[in-house]
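So this block is coords_25.txt, compact mmCIF, C-alpha atoms:
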```txt
# COMPACT_ATOMS: atom_id res chain seq x y z
CA MET A 26 0.00 0.00 0.00
CA ARG A 27 1.32 3.44 -0.94
CA ARG A 28 1.78 5.78 1.97
CA THR A 29 0.19 9.22 1.96
CA SER A 30 1.81 12.27 3.52
CA VAL A 31 0.75 13.31 6.98
CA LEU A 32 1.46 16.80 8.26
CA ARG A 33 0.61 17.22 11.93
CA GLU A 34 0.37 20.52 13.78
CA VAL A 35 1.84 20.36 17.27
CA LYS A 36 1.97 23.01 19.99
CA VAL A 37 5.57 24.15 20.51
CA GLU A 38 5.40 23.18 24.17
CA GLU A 39 4.58 19.63 23.09
CA ALA A 40 7.18 19.53 20.31
CA ILE A 41 10.27 18.86 22.42
CA GLY A 42 12.14 15.93 20.88
CA LEU A 43 10.35 16.18 17.52
CA PRO A 44 12.02 17.11 14.21
CA LEU A 45 11.04 20.27 12.33
CA ALA A 46 9.36 19.62 9.00
CA HIS A 47 10.90 22.70 7.35
CA ASP A 48 13.34 25.56 7.92
CA LEU A 49 12.11 28.31 10.21
CA THR A 50 13.01 31.89 9.33
CA ARG A 51 13.82 34.79 11.59
CA ILE A 52 13.24 38.33 10.34
CA VAL A 53 14.53 41.50 12.00
CA PRO A 54 13.38 44.38 9.75
CA GLY A 55 16.32 46.24 8.30
CA GLU A 56 18.85 43.96 9.99
CA PHE A 57 18.46 40.27 9.27
CA LYS A 58 16.45 37.68 7.39
CA GLY A 59 17.62 34.09 7.46
CA ARG A 60 17.28 30.60 8.80
CA LEU A 61 16.82 30.27 12.55
CA PHE A 62 16.29 26.50 12.63
CA ARG A 63 17.07 23.97 9.91
CA LYS A 64 14.67 21.33 8.64
CA GLY A 65 15.09 18.20 10.77
CA HIS A 66 16.26 20.13 13.85
CA ILE A 67 15.16 18.32 17.01
CA VAL A 68 13.25 20.79 19.14
CA LEU A 69 14.83 21.42 22.55
CA ASP A 70 13.28 22.92 25.64
CA SER A 71 15.62 25.92 25.20
CA ASP A 72 14.21 26.51 21.70
CA ILE A 73 10.73 27.34 22.93
CA PRO A 74 11.44 31.05 23.72
CA GLU A 75 13.04 31.57 20.30
CA LEU A 76 10.11 29.90 18.56
CA LYS A 77 7.74 32.18 20.44
CA LYS A 78 9.77 35.25 19.38
CA ILE A 79 9.18 34.45 15.71
CA GLY A 80 5.47 33.98 16.28
CA LYS A 81 5.38 30.20 16.35
CA ASP A 82 2.83 28.74 18.71
CA HIS A 83 2.77 25.53 16.68
CA ILE A 84 5.20 23.57 14.52
CA TYR A 85 4.61 20.93 11.88
CA VAL A 86 5.74 17.33 12.10
CA LEU A 87 5.91 15.57 8.76
CA GLU A 88 5.49 11.98 7.71
CA LEU A 89 6.27 12.00 3.98
CA GLY A 90 4.20 9.82 1.65
CA ASP A 91 5.33 8.00 -1.49
CA ASP A 92 3.86 10.48 -3.98
CA ASP A 93 5.11 13.73 -2.46
CA LEU A 94 8.39 15.62 -2.14
CA HIS A 95 9.48 17.95 0.61
CA GLU A 96 10.14 21.52 -0.60
CA ASP A 97 13.91 21.15 -0.10
CA ASP A 98 14.14 17.92 -2.08
CA ALA A 99 11.95 19.33 -4.84
CA ALA A 100 14.11 22.48 -5.11
CA VAL A 101 17.29 20.36 -5.30
CA ARG A 102 15.92 18.15 -8.04
CA MET A 103 14.62 21.08 -10.10
CA ALA A 104 17.99 22.83 -9.81
CA GLU A 105 19.90 19.74 -10.86
CA ALA A 106 17.60 19.22 -13.84
CA ALA A 107 18.14 22.77 -15.11
CA ARG A 108 21.84 23.14 -14.26
CA GLY A 109 24.21 23.38 -17.21
CA SER A 110 27.86 24.22 -17.77
CA ASN A 111 29.75 26.47 -15.36
CA ILE A 112 26.91 26.47 -12.82
CA THR A 113 27.08 25.44 -9.17
CA ALA A 114 24.17 24.78 -6.83
CA THR A 115 23.80 25.77 -3.18
CA GLU A 116 22.42 23.63 -0.41
CA PRO A 117 18.67 24.14 0.09
CA SER A 118 17.82 26.94 2.50
CA GLU A 119 14.32 28.00 3.46
CA GLY A 120 13.02 25.82 0.64
CA LYS A 121 15.19 27.43 -2.07
CA VAL A 122 18.23 26.39 -4.08
CA LEU A 123 20.33 28.98 -5.88
CA LEU A 124 22.24 28.29 -9.08
CA LYS A 125 25.41 30.37 -9.26
CA SER A 126 27.96 31.09 -11.93
CA ALA A 127 31.32 29.39 -11.49
CA ILE A 128 33.06 31.78 -13.91
CA ARG A 129 32.92 35.24 -15.43
CA GLY A 130 30.91 34.79 -18.57
CA LEU A 131 27.57 35.19 -20.33
CA THR A 132 24.31 33.55 -19.26
CA VAL A 133 22.60 31.25 -21.76
CA ILE A 134 19.09 30.60 -20.47
CA ASP A 135 16.24 29.08 -22.44
CA LYS A 136 13.15 31.22 -21.90
CA THR A 137 10.80 28.57 -23.26
CA PHE A 138 12.06 25.99 -20.76
CA ILE A 139 11.74 28.48 -17.88
CA ASN A 140 8.19 29.39 -18.86
CA GLY A 141 7.33 25.70 -19.12
CA VAL A 142 8.48 25.06 -15.56
CA ASN A 143 6.60 28.04 -14.19
CA ALA A 144 3.44 26.94 -15.99
CA ILE A 145 3.37 23.91 -13.68
CA ASP A 146 1.25 24.86 -10.69
CA GLN A 147 3.15 25.29 -7.40
CA LEU A 148 6.63 25.32 -9.00
CA ALA A 149 8.83 28.42 -9.26
CA LEU A 150 12.02 28.96 -11.26
CA ALA A 151 13.40 32.51 -11.36
CA THR A 152 16.39 33.45 -13.52
CA LEU A 153 18.43 36.31 -14.87
CA GLN A 154 17.84 37.15 -18.50
CA SER A 155 19.89 35.36 -21.10
CA ASN A 156 22.99 37.22 -22.35
CA THR A 157 23.68 38.75 -18.94
CA VAL A 158 27.34 39.20 -17.99
CA VAL A 159 27.95 37.46 -14.64
CA THR A 160 30.86 37.04 -12.26
CA PRO A 161 31.95 34.02 -10.20
CA GLY A 162 29.53 33.37 -7.36
CA GLN A 163 26.75 35.51 -8.81
CA SER A 164 23.27 34.02 -8.62
CA VAL A 165 21.88 33.08 -12.02
CA ALA A 166 18.67 31.27 -11.00
CA GLY A 167 16.68 30.05 -8.02
CA THR A 168 14.31 27.11 -7.61
CA ARG A 169 11.60 26.44 -5.10
CA VAL A 170 8.09 25.10 -4.70
CA ILE A 171 5.28 27.09 -3.16
CA PRO A 172 3.85 24.62 -0.59
CA LEU A 173 5.79 22.59 1.96
CA LEU A 174 4.94 19.44 0.02
CA VAL A 175 4.49 19.03 -3.71
CA ALA A 176 3.41 16.12 -5.88
CA LYS A 177 6.49 14.17 -7.03
CA GLU A 178 5.03 13.95 -10.55
CA LYS A 179 5.32 17.73 -11.01
CA VAL A 180 9.05 17.69 -10.39
CA GLU A 181 9.46 14.59 -12.54
CA GLN A 182 7.78 16.56 -15.33
CA VAL A 183 10.55 19.16 -15.05
CA GLU A 184 13.18 16.43 -15.14
CA ARG A 185 11.67 14.89 -18.26
CA SER A 186 11.57 18.26 -19.96
CA ALA A 187 15.21 18.88 -19.05
CA ARG A 188 16.26 15.48 -20.42
CA GLN A 189 14.52 16.25 -23.71
CA TRP A 190 16.25 19.64 -23.79
CA ARG A 191 19.66 18.01 -23.29
CA GLU A 192 18.99 15.49 -26.04
CA THR A 193 18.23 18.37 -28.41
CA TYR A 194 21.21 20.48 -27.36
CA LEU A 195 23.85 17.74 -27.07
CA GLY A 196 23.86 17.38 -23.32
CA GLU A 197 23.89 21.05 -22.33
CA GLY A 198 21.51 22.21 -19.60
CA PRO A 199 18.82 24.89 -20.03
CA ILE A 200 20.70 27.24 -17.66
CA SER A 201 24.41 27.68 -18.32
CA VAL A 202 27.19 30.27 -18.52
CA LYS A 203 29.49 30.54 -21.53
CA PRO A 204 33.07 31.67 -20.91
CA PHE A 205 34.51 34.61 -22.81
CA ARG A 206 37.08 33.68 -25.43
CA THR A 207 40.23 35.70 -26.03
CA LEU A 208 39.66 37.28 -29.43
CA LYS A 209 42.56 38.50 -31.53
CA THR A 210 41.05 41.60 -33.11
CA GLY A 211 41.91 43.58 -36.21
CA LEU A 212 40.91 47.25 -35.89
CA ILE A 213 40.46 49.49 -38.94
CA THR A 214 39.99 53.21 -38.31
CA THR A 215 38.60 55.07 -41.32
CA GLY A 216 38.58 58.76 -42.10
CA ASN A 217 40.77 61.04 -44.21
CA GLU A 218 41.16 63.42 -41.29
CA VAL A 219 42.63 60.68 -39.07
CA TYR A 220 44.67 59.09 -41.85
CA ASN A 221 46.29 62.43 -42.69
CA GLY A 222 47.00 63.24 -39.06
CA LEU A 223 44.66 66.22 -38.91
CA VAL A 224 42.56 64.69 -36.13
CA GLU A 225 43.64 62.35 -33.36
CA ASP A 226 42.10 58.89 -33.39
CA ARG A 227 39.63 58.65 -30.51
CA PHE A 228 38.06 55.35 -31.50
CA GLY A 229 41.10 53.17 -30.78
CA PRO A 230 41.38 53.73 -27.00
CA VAL A 231 37.63 53.25 -26.50
CA VAL A 232 37.52 50.03 -28.51
CA ARG A 233 40.62 48.63 -26.80
CA ALA A 234 39.13 49.23 -23.36
CA LYS A 235 35.86 47.53 -24.30
CA LEU A 236 37.68 44.49 -25.69
CA GLU A 237 39.94 44.20 -22.65
CA GLU A 238 36.90 44.09 -20.39
CA TYR A 239 36.14 40.64 -21.86
CA GLY A 240 39.72 39.41 -22.11
CA SER A 241 40.25 40.22 -25.80
CA TYR A 242 42.72 42.57 -27.44
CA VAL A 243 43.65 44.52 -30.58
CA GLU A 244 46.27 42.59 -32.51
CA GLU A 245 46.85 45.46 -34.92
CA GLN A 246 45.23 48.78 -35.80
CA ARG A 247 45.35 50.10 -39.36
CA LEU A 248 44.32 53.55 -40.60
CA SER A 249 42.42 53.94 -43.85
CA THR A 250 41.22 56.75 -46.04
CA ASP A 251 37.53 57.05 -46.86
CA ASP A 252 38.09 55.00 -49.99
CA SER A 253 36.06 51.82 -50.36
CA ASP A 254 38.88 49.91 -52.03
CA SER A 255 41.27 50.85 -49.22
CA ILE A 256 38.85 49.83 -46.45
CA ALA A 257 38.01 46.55 -48.18
CA GLY A 258 41.71 45.85 -48.64
CA HIS A 259 42.35 46.26 -44.92
CA ILE A 260 39.45 43.91 -44.16
CA ARG A 261 40.90 41.25 -46.45
CA TYR A 262 44.34 41.83 -44.89
CA PHE A 263 42.97 40.92 -41.46
CA GLN A 264 41.07 38.00 -42.95
CA ASP A 265 44.36 36.65 -44.31
CA LYS A 266 45.92 37.12 -40.85
CA GLN A 267 43.11 34.94 -39.44
CA VAL A 268 42.08 37.31 -36.69
CA ASP A 269 39.03 36.34 -34.64
CA LEU A 270 37.18 39.65 -34.98
CA ILE A 271 37.36 42.60 -37.38
CA LEU A 272 36.14 46.01 -36.24
CA VAL A 273 35.79 48.94 -38.64
CA THR A 274 35.31 52.32 -36.96
CA GLY A 275 33.79 55.39 -38.55
CA GLY A 276 32.13 56.12 -41.86
CA MET A 277 28.82 54.47 -40.92
CA SER A 278 26.35 57.35 -41.38
CA VAL A 279 24.22 58.26 -44.41
CA ASP A 280 26.71 60.92 -45.51
CA PRO A 281 27.82 60.24 -49.14
CA ASP A 282 31.45 60.30 -47.96
CA ASP A 283 30.85 57.48 -45.49
CA ARG A 284 31.95 54.39 -47.40
CA THR A 285 32.38 51.75 -44.66
CA PRO A 286 29.14 49.76 -45.23
CA GLY A 287 29.86 49.43 -48.94
CA ALA A 288 33.46 48.43 -48.24
CA ILE A 289 32.36 45.65 -45.86
CA ARG A 290 30.09 44.31 -48.61
CA GLN A 291 32.87 44.74 -51.17
CA ALA A 292 35.19 42.62 -49.01
CA GLY A 293 32.76 39.72 -49.43
CA ALA A 294 31.12 39.72 -46.01
CA ASP A 295 27.64 38.28 -45.49
CA ILE A 296 25.55 41.10 -44.02
CA VAL A 297 23.36 40.22 -41.06
CA SER A 298 22.05 43.75 -40.65
CA HIS A 299 22.97 47.32 -41.48
CA GLY A 300 21.19 49.25 -38.78
CA THR A 301 19.68 48.23 -35.46
CA PRO A 302 16.52 49.30 -33.60
CA MET A 303 18.53 50.18 -30.49
CA LEU A 304 19.51 53.75 -29.62
CA PRO A 305 22.28 54.84 -29.53
CA GLY A 306 24.13 52.79 -32.12
CA SER A 307 21.42 52.40 -34.73
CA MET A 308 23.89 52.67 -37.65
CA LEU A 309 25.96 49.63 -36.60
CA MET A 310 26.56 46.95 -39.24
CA MET A 311 26.82 43.29 -38.27
CA ALA A 312 28.39 40.94 -40.83
CA TYR A 313 30.51 37.79 -41.16
CA LEU A 314 33.41 36.76 -43.35
CA GLY A 315 33.00 33.01 -43.05
CA HIS A 316 33.02 32.48 -39.28
CA THR A 317 34.77 35.79 -38.52
CA PRO A 318 32.53 38.59 -37.22
CA VAL A 319 32.94 41.95 -38.97
CA VAL A 320 31.36 44.90 -37.18
CA GLY A 321 31.04 48.41 -38.55
CA LEU A 322 30.98 50.78 -35.57
CA PRO A 323 29.16 54.13 -35.74
CA GLY A 324 30.47 57.29 -34.08
CA SER A 325 28.22 56.86 -31.04
CA VAL A 326 30.52 54.06 -29.81
CA MET A 327 33.23 56.68 -29.41
CA TYR A 328 31.32 59.09 -27.19
CA ASP A 329 28.25 57.33 -25.72
CA LYS A 330 28.90 55.23 -22.63
CA TYR A 331 26.54 52.43 -23.68
CA THR A 332 25.50 51.52 -27.23
CA VAL A 333 24.38 48.49 -29.19
CA PHE A 334 28.05 47.50 -29.47
CA ASP A 335 28.11 46.97 -25.69
CA VAL A 336 25.16 44.58 -26.07
CA LEU A 337 26.65 42.56 -28.93
CA LEU A 338 30.32 42.47 -27.92
CA PRO A 339 29.95 40.10 -24.93
CA ARG A 340 27.91 37.73 -27.08
CA ILE A 341 30.59 37.78 -29.77
CA CYS A 342 33.30 37.20 -27.15
CA ALA A 343 31.31 34.24 -25.80
CA GLY A 344 31.27 32.66 -29.25
CA ILE A 345 27.60 33.30 -29.99
CA ARG A 346 26.86 33.98 -33.65
CA ILE A 347 24.62 37.02 -34.06
CA GLY A 348 21.58 36.50 -36.29
CA LYS A 349 18.94 38.79 -37.70
CA THR A 350 16.49 37.89 -34.94
CA ASP A 351 19.06 38.95 -32.31
CA ILE A 352 19.23 42.37 -33.97
CA THR A 353 15.46 42.68 -34.35
CA GLU A 354 14.87 41.98 -30.65
CA LEU A 355 17.16 44.82 -29.54
CA GLY A 356 14.45 47.43 -29.97
CA TYR A 357 12.29 46.31 -27.07
CA GLY A 358 13.93 47.93 -24.04
CA GLY A 359 16.63 49.30 -26.31
CA LEU A 360 16.24 53.05 -25.78
CA TYR A 361 19.36 54.11 -23.88
CA ALA A 362 19.88 57.57 -25.37
CA GLU A 363 17.96 59.37 -22.62
CA ARG A 364 18.77 57.12 -19.66
CA GLY A 365 20.70 58.35 -16.69
```

Taking this structure as input, can you express it in the form of structure tokens?
Amino acid sequence: MRRTSVLREVKVEEAIGLPLAHDLTRIVPGEFKGRLFRKGHIVLDSDIPELKKIGKDHIYVLELGDDDLHEDDAAVRMAEAARGSNITATEPSEGKVLLKSAIRGLTVIDKTFINGVNAIDQLALATLQSNTVVTPGQSVAGTRVIPLLVAKEKVEQVERSARQWRETYLGEGPISVKPFRTLKTGLITTGNEVYNGLVEDRFGPVVRAKLEEYGSYVEEQRLSTDDSDSIAGHIRYFQDKQVDLILVTGGMSVDPDDRTPGAIRQAGADIVSHGTPMLPGSMLMMAYLGHTPVVGLPGSVMYDKYTVFDVLLPRICAGIRIGKTDITELGYGGLYAERG
């Protein structure tokens, strides 16, 4: 015969010698919120005053049935099902398990999987957004169930879904962190005024700093006139040198003298998009020469603190190929020009 769960309410004065069915939390507004007693703690006579201080006149004693899971066990199993590369899991605390990044990298989180879990009544899985830059030890996701006990079948449904996800994505989990690669970058700065020494190059230092933030570097910087043949020649030069990333700065506006977009096409690159719906940075061009990203950077990258380049660069450094859909989705929430 299958056992059913029994949850008994017991007065704290009568609970001495009994195990707690769940963690008990203590809250001091503005000072502390955390676990006072752990699940399974055997209640002592000396515990009674502390239980009273947190408003507990009764505690629960649990006899777990065959078809149910305790909140801690459910949270652990959900976390393990979702956990992918470069993710660690905490011990359960107050019914929750946190998934944390083991490295500095970029989150890769499947929204459809997350929504599927949260569509199951009484289950909760909260995450950061995908493509978020995280540091070691930073929380990426948290799992828990709403009641103290939950039907085992609900958690098994999450596990089945995760197994199917791994089969589709070659063993990777739905929540992972991709490390940043070290990209050897070729930088082309366009503009007659810079080439002829009339104006100091201001793009180079900005671009170098942004690359270094993700562990990449400029292998070589070359100056070019505003001549399409010259710019395309520099692009092909870096292609022959087998750099990992080619950045072309300047010459991206609609001015007739701005020849960079045409030169990127002339060099043979496949254009993902010329223009983005994000502001600032709407004139950026995203392209590929084979597997090598080629990015045409508009002037806003030089003087605006945060542009579309800051959104795409960590993805590129994490080895994620940018597609048209990635560009299209930048518009929603992509107005940065008036922030701050």

Query raised in the report: When you draw a straight line from CA of Val180 (chain A) to CA of Ala99 (chain A), how long is it in Å?
Result: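 Between CA of Val180 (chain A) and CA of Ala99 (chain A) the gap works out to 6.5 Å.
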
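With all atoms listed in the file as the atoms that count, the residue of A:Thr152, A:Thr193, A:Thr274, A:Thr210 with the shortest distance to Val243 (chain A) is A:Thr210.
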
**Report entry** Neighbour residues at most 10 Å from (17.4, 23.0, 18.7) (all atoms listed in the file) as a PyMOL selection string
**Finding:** chain A and resi 41-45+61-63+65-73+75

Query - Contacts of Glu244 (chain A) at 8 Å (all atoms listed in the file; same-chain gap of 3+ positions) as an MDAnalysis selection string - result: chainID A and resid 209:212 268

**Report entry** Separation of CA of Phe334 (chain A) from CA of Ile260 (chain A) in Å
**Finding:**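 CA of Phe334 (chain A) lies at a distance of 18.9 Å from CA of Ile260 (chain A).
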
Selection near Lys125 (chain A), 8 Å with all atoms listed in the file, sequence-local residues under 6 positions removed, as an mmCIF file with C-alpha atoms, in the coordinates of the input:
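After the write, result_33.cif holds the following:
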```
data_model
loop_
_atom_site.group_PDB
_atom_site.id
_atom_site.type_symbol
_atom_site.label_atom_id
_atom_site.label_comp_id
_atom_site.auth_asym_id
_atom_site.auth_seq_id
_atom_site.Cartn_x
_atom_site.Cartn_y
_atom_site.Cartn_z
ATOM 1 C CA ILE A 112 26.910 26.470 -12.820
ATOM 2 C CA THR A 113 27.080 25.440 -9.170
ATOM 3 C CA ALA A 114 24.170 24.780 -6.830
ATOM 4 C CA THR A 115 23.800 25.770 -3.180
ATOM 5 C CA PRO A 161 31.950 34.020 -10.200
ATOM 6 C CA GLY A 162 29.530 33.370 -7.360
ATOM 7 C CA GLN A 163 26.750 35.510 -8.810
ATOM 8 C CA SER A 164 23.270 34.020 -8.620
ATOM 9 C CA VAL A 165 21.880 33.080 -12.020
ATOM 10 C CA ALA A 166 18.670 31.270 -11.000
#
```

Kindly reconstruct region 104-120 of chain A with N, CA, C and O atoms and present the result as an mmCIF file, in the coordinates of the input.
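Dumped everything to part19.cif:
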```
data_model
loop_
_atom_site.group_PDB
_atom_site.id
_atom_site.type_symbol
_atom_site.label_atom_id
_atom_site.label_comp_id
_atom_site.auth_asym_id
_atom_site.auth_seq_id
_atom_site.Cartn_x
_atom_site.Cartn_y
_atom_site.Cartn_z
ATOM 1 N N ALA A 104 16.726 22.145 -9.515
ATOM 2 C CA ALA A 104 17.990 22.830 -9.810
ATOM 3 C C ALA A 104 18.929 21.923 -10.585
ATOM 4 O O ALA A 104 19.572 22.349 -11.551
ATOM 5 N N GLU A 105 19.006 20.677 -10.178
ATOM 6 C CA GLU A 105 19.900 19.740 -10.860
ATOM 7 C C GLU A 105 19.437 19.479 -12.286
ATOM 8 O O GLU A 105 20.253 19.329 -13.207
ATOM 9 N N ALA A 106 18.131 19.444 -12.495
ATOM 10 C CA ALA A 106 17.600 19.220 -13.840
ATOM 11 C C ALA A 106 17.972 20.370 -14.777
ATOM 12 O O ALA A 106 18.309 20.156 -15.936
ATOM 13 N N ALA A 107 17.913 21.595 -14.270
ATOM 14 C CA ALA A 107 18.140 22.770 -15.110
ATOM 15 C C ALA A 107 19.602 23.146 -15.240
ATOM 16 O O ALA A 107 19.984 23.876 -16.159
ATOM 17 N N ARG A 108 20.448 22.683 -14.352
ATOM 18 C CA ARG A 108 21.840 23.140 -14.260
ATOM 19 C C ARG A 108 22.655 22.695 -15.459
ATOM 20 O O ARG A 108 22.695 21.527 -15.803
ATOM 21 N N GLY A 109 23.334 23.671 -16.078
ATOM 22 C CA GLY A 109 24.210 23.380 -17.210
ATOM 23 C C GLY A 109 25.649 23.708 -16.889
ATOM 24 O O GLY A 109 26.071 23.715 -15.725
ATOM 25 N N SER A 110 26.422 24.003 -17.922
ATOM 26 C CA SER A 110 27.860 24.220 -17.770
ATOM 27 C C SER A 110 28.156 25.475 -16.943
ATOM 28 O O SER A 110 27.463 26.482 -17.030
ATOM 29 N N ASN A 111 29.212 25.351 -16.139
ATOM 30 C CA ASN A 111 29.750 26.470 -15.360
ATOM 31 C C ASN A 111 28.743 27.012 -14.354
ATOM 32 O O ASN A 111 28.724 28.212 -14.064
ATOM 33 N N ILE A 112 27.920 26.114 -13.819
ATOM 34 C CA ILE A 112 26.910 26.470 -12.820
ATOM 35 C C ILE A 112 27.092 25.582 -11.599
ATOM 36 O O ILE A 112 27.242 24.368 -11.722
ATOM 37 N N THR A 113 27.069 26.190 -10.425
ATOM 38 C CA THR A 113 27.080 25.440 -9.170
ATOM 39 C C THR A 113 25.744 25.628 -8.458
ATOM 40 O O THR A 113 25.019 26.585 -8.728
ATOM 41 N N ALA A 114 25.434 24.724 -7.562
ATOM 42 C CA ALA A 114 24.170 24.780 -6.830
ATOM 43 C C ALA A 114 24.450 24.852 -5.333
ATOM 44 O O ALA A 114 25.335 24.172 -4.821
ATOM 45 N N THR A 115 23.669 25.666 -4.627
ATOM 46 C CA THR A 115 23.800 25.770 -3.180
ATOM 47 C C THR A 115 23.013 24.647 -2.507
ATOM 48 O O THR A 115 22.193 23.967 -3.127
ATOM 49 N N GLU A 116 23.268 24.490 -1.226
ATOM 50 C CA GLU A 116 22.420 23.630 -0.410
ATOM 51 C C GLU A 116 21.048 24.302 -0.273
ATOM 52 O O GLU A 116 20.947 25.530 -0.332
ATOM 53 N N PRO A 117 19.985 23.513 -0.092
ATOM 54 C CA PRO A 117 18.670 24.140 0.090
ATOM 55 C C PRO A 117 18.621 24.943 1.383
ATOM 56 O O PRO A 117 19.157 24.516 2.410
ATOM 57 N N SER A 118 17.998 26.087 1.322
ATOM 58 C CA SER A 118 17.820 26.940 2.500
ATOM 59 C C SER A 118 16.472 27.613 2.397
ATOM 60 O O SER A 118 16.162 28.247 1.382
ATOM 61 N N GLU A 119 15.660 27.436 3.435
ATOM 62 C CA GLU A 119 14.320 28.000 3.460
ATOM 63 C C GLU A 119 13.518 27.581 2.220
ATOM 64 O O GLU A 119 12.748 28.348 1.665
ATOM 65 N N GLY A 120 13.769 26.351 1.768
ATOM 66 C CA GLY A 120 13.020 25.820 0.640
ATOM 67 C C GLY A 120 13.526 26.233 -0.721
ATOM 68 O O GLY A 120 12.897 25.924 -1.732
#
```
